[in-house]
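All remarks here apply to the structure that follows.
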Amino acid sequence: LYPLTMWVSLKAIITYMFFGLYVGGLRGKYKIKAPKMTGNIHFENAYRIQMNTLEQIVIFLPALWIAALSTGNDFQVAMIGGVWVLGRWLYFLGYPNKRAVGFLLGFL
């Protein structure tokens, strides 16, 4: 059943949902009405983090499951997936000036 891979998949989805809710909160805080995407640097940075995560998660989740199903090694695949999730949080916390480590962890 690959419970660890499922757990990491869920953590990745929750991470992305958090980033989306964070962007929505900043949109309200800074009164940036949709569909406008500019107006405050904090909003713009958060939006870029969310979009970068979206760009990667559509590759990450299928690759995670292909690796789990083809190798049968739930633990190792989940650990690698956990590094990706950790990288997204480091990217979020370090953006824009200290994002390199988080960004690079997404490509392991």
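Here's how to read the names in the structure tokens: chain A, B, ... by the order shown, residue numbers from 1 in each chain, ligand numbers from 1 in the order shown.
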Contacts between segment 71-90 of chain A and segment 2-22 of chain A, please, where a residue of segment 2-22 of chain A counts if it comes within 8 Å (with only C-alpha atoms); show its shortest atom pair and distance in Å to one decimal, rows by chain and ascending number, as a tab-separated table.
residue	atom	partner	partner_atom	distance
A:Tyr2	CA	A:Asp74	CA	5.4
A:Pro3	CA	A:Asp74	CA	7.4
A:Leu4	CA	A:Ala78	CA	5.5
A:Thr5	CA	A:Ala78	CA	4.8
A:Trp7	CA	A:Ala78	CA	8.0
A:Val8	CA	A:Gly82	CA	6.0
A:Ser9	CA	A:Gly81	CA	7.9
A:Lys11	CA	A:Val85	CA	7.2
A:Ala12	CA	A:Val85	CA	5.8
A:Thr15	CA	A:Val85	CA	7.5
Deliver the residues from the most recent selection as a file, using N, CA and C atoms, as a compact mmCIF listing (two decimals), in the first residue's frame.
# COMPACT_ATOMS: atom_id res chain seq x y z
N TYR A 2 2.11 1.18 0.31
CA TYR A 2 3.02 2.33 0.30
C TYR A 2 2.56 3.45 1.25
N PRO A 3 2.42 3.15 2.53
CA PRO A 3 1.91 4.16 3.46
C PRO A 3 2.82 5.37 3.62
N LEU A 4 4.12 5.17 3.56
CA LEU A 4 5.03 6.31 3.72
C LEU A 4 4.99 7.23 2.49
N THR A 5 4.87 6.64 1.33
CA THR A 5 4.75 7.44 0.10
C THR A 5 3.44 8.20 0.11
N TRP A 7 1.92 9.24 2.81
CA TRP A 7 2.11 10.29 3.81
C TRP A 7 2.86 11.48 3.22
N VAL A 8 3.92 11.21 2.47
CA VAL A 8 4.71 12.28 1.84
C VAL A 8 3.87 12.99 0.78
N SER A 9 3.08 12.24 0.04
CA SER A 9 2.19 12.86 -0.96
C SER A 9 1.22 13.81 -0.28
N LYS A 11 1.65 15.31 2.62
CA LYS A 11 2.42 16.46 3.11
C LYS A 11 2.71 17.45 1.98
N ALA A 12 3.00 16.95 0.80
CA ALA A 12 3.25 17.82 -0.35
C ALA A 12 1.99 18.60 -0.71
N THR A 15 1.28 21.20 1.94
CA THR A 15 2.22 22.31 1.76
C THR A 15 1.73 23.25 0.67
With distances taken over only C-alpha atoms, the candidate from A:Met6, A:Ile13, A:Leu69, A:Ile32 nearest Gln56 of chain A is A:Ile13
Please extract the residues of chain A with a backbone DSSP assignment of helix (DSSP H, G or I) and present them as a PyMOL selection string. chain A and resi 3-29+41-71+74-94+100-105
Residues within 9 Å of Phe92 of chain A, only C-alpha atoms, excluding chain neighbours under 4 positions, as a count of residues only: 9
Taking only C-alpha atoms into account, name the residue in A:Lys98, A:Leu108, A:Pro62, A:Arg27 that is nearest to Ile41 of chain A. A:Arg27
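Nearest to Tyr16 of chain A of all the residues A:His42, A:Thr53, A:Ser70, A:Lys33 is A:Thr53, based on only C-alpha atoms.
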Would you kindly return, as number ranges by chain, each protein, DNA or RNA residue with an atom no farther than 12 Å from any atom of Lys36 of chain A, considering only C-alpha atoms and excluding same-chain residues fewer than 5 positions away? A: 27, 30-31, 43-44, 47
In Å, rounded to a single decimal, give me how far atom CA of Val58 of chain A is from atom CA of Asn40 of chain A. 27.5 Å
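Using only C-alpha atoms, the shortest contact distance between Val23 of chain A and any of A:Ala67, A:Asn45, A:Gly39, A:Leu10 is found at A:Asn45.
The spacing separating atom CA of Leu64 of chain A from atom CA of Asn52 of chain A amounts to 17.8 Å.
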Selected residue, from A:Arg48, A:Gly28, A:Trp65, A:Leu21, that lies nearest to Tyr91 of chain A when counting only C-alpha atoms: A:Arg48
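With atom CA of Ala34 of chain A on one side and atom CA of Glu55 of chain A on the other, the separation reads 20.6 Å.
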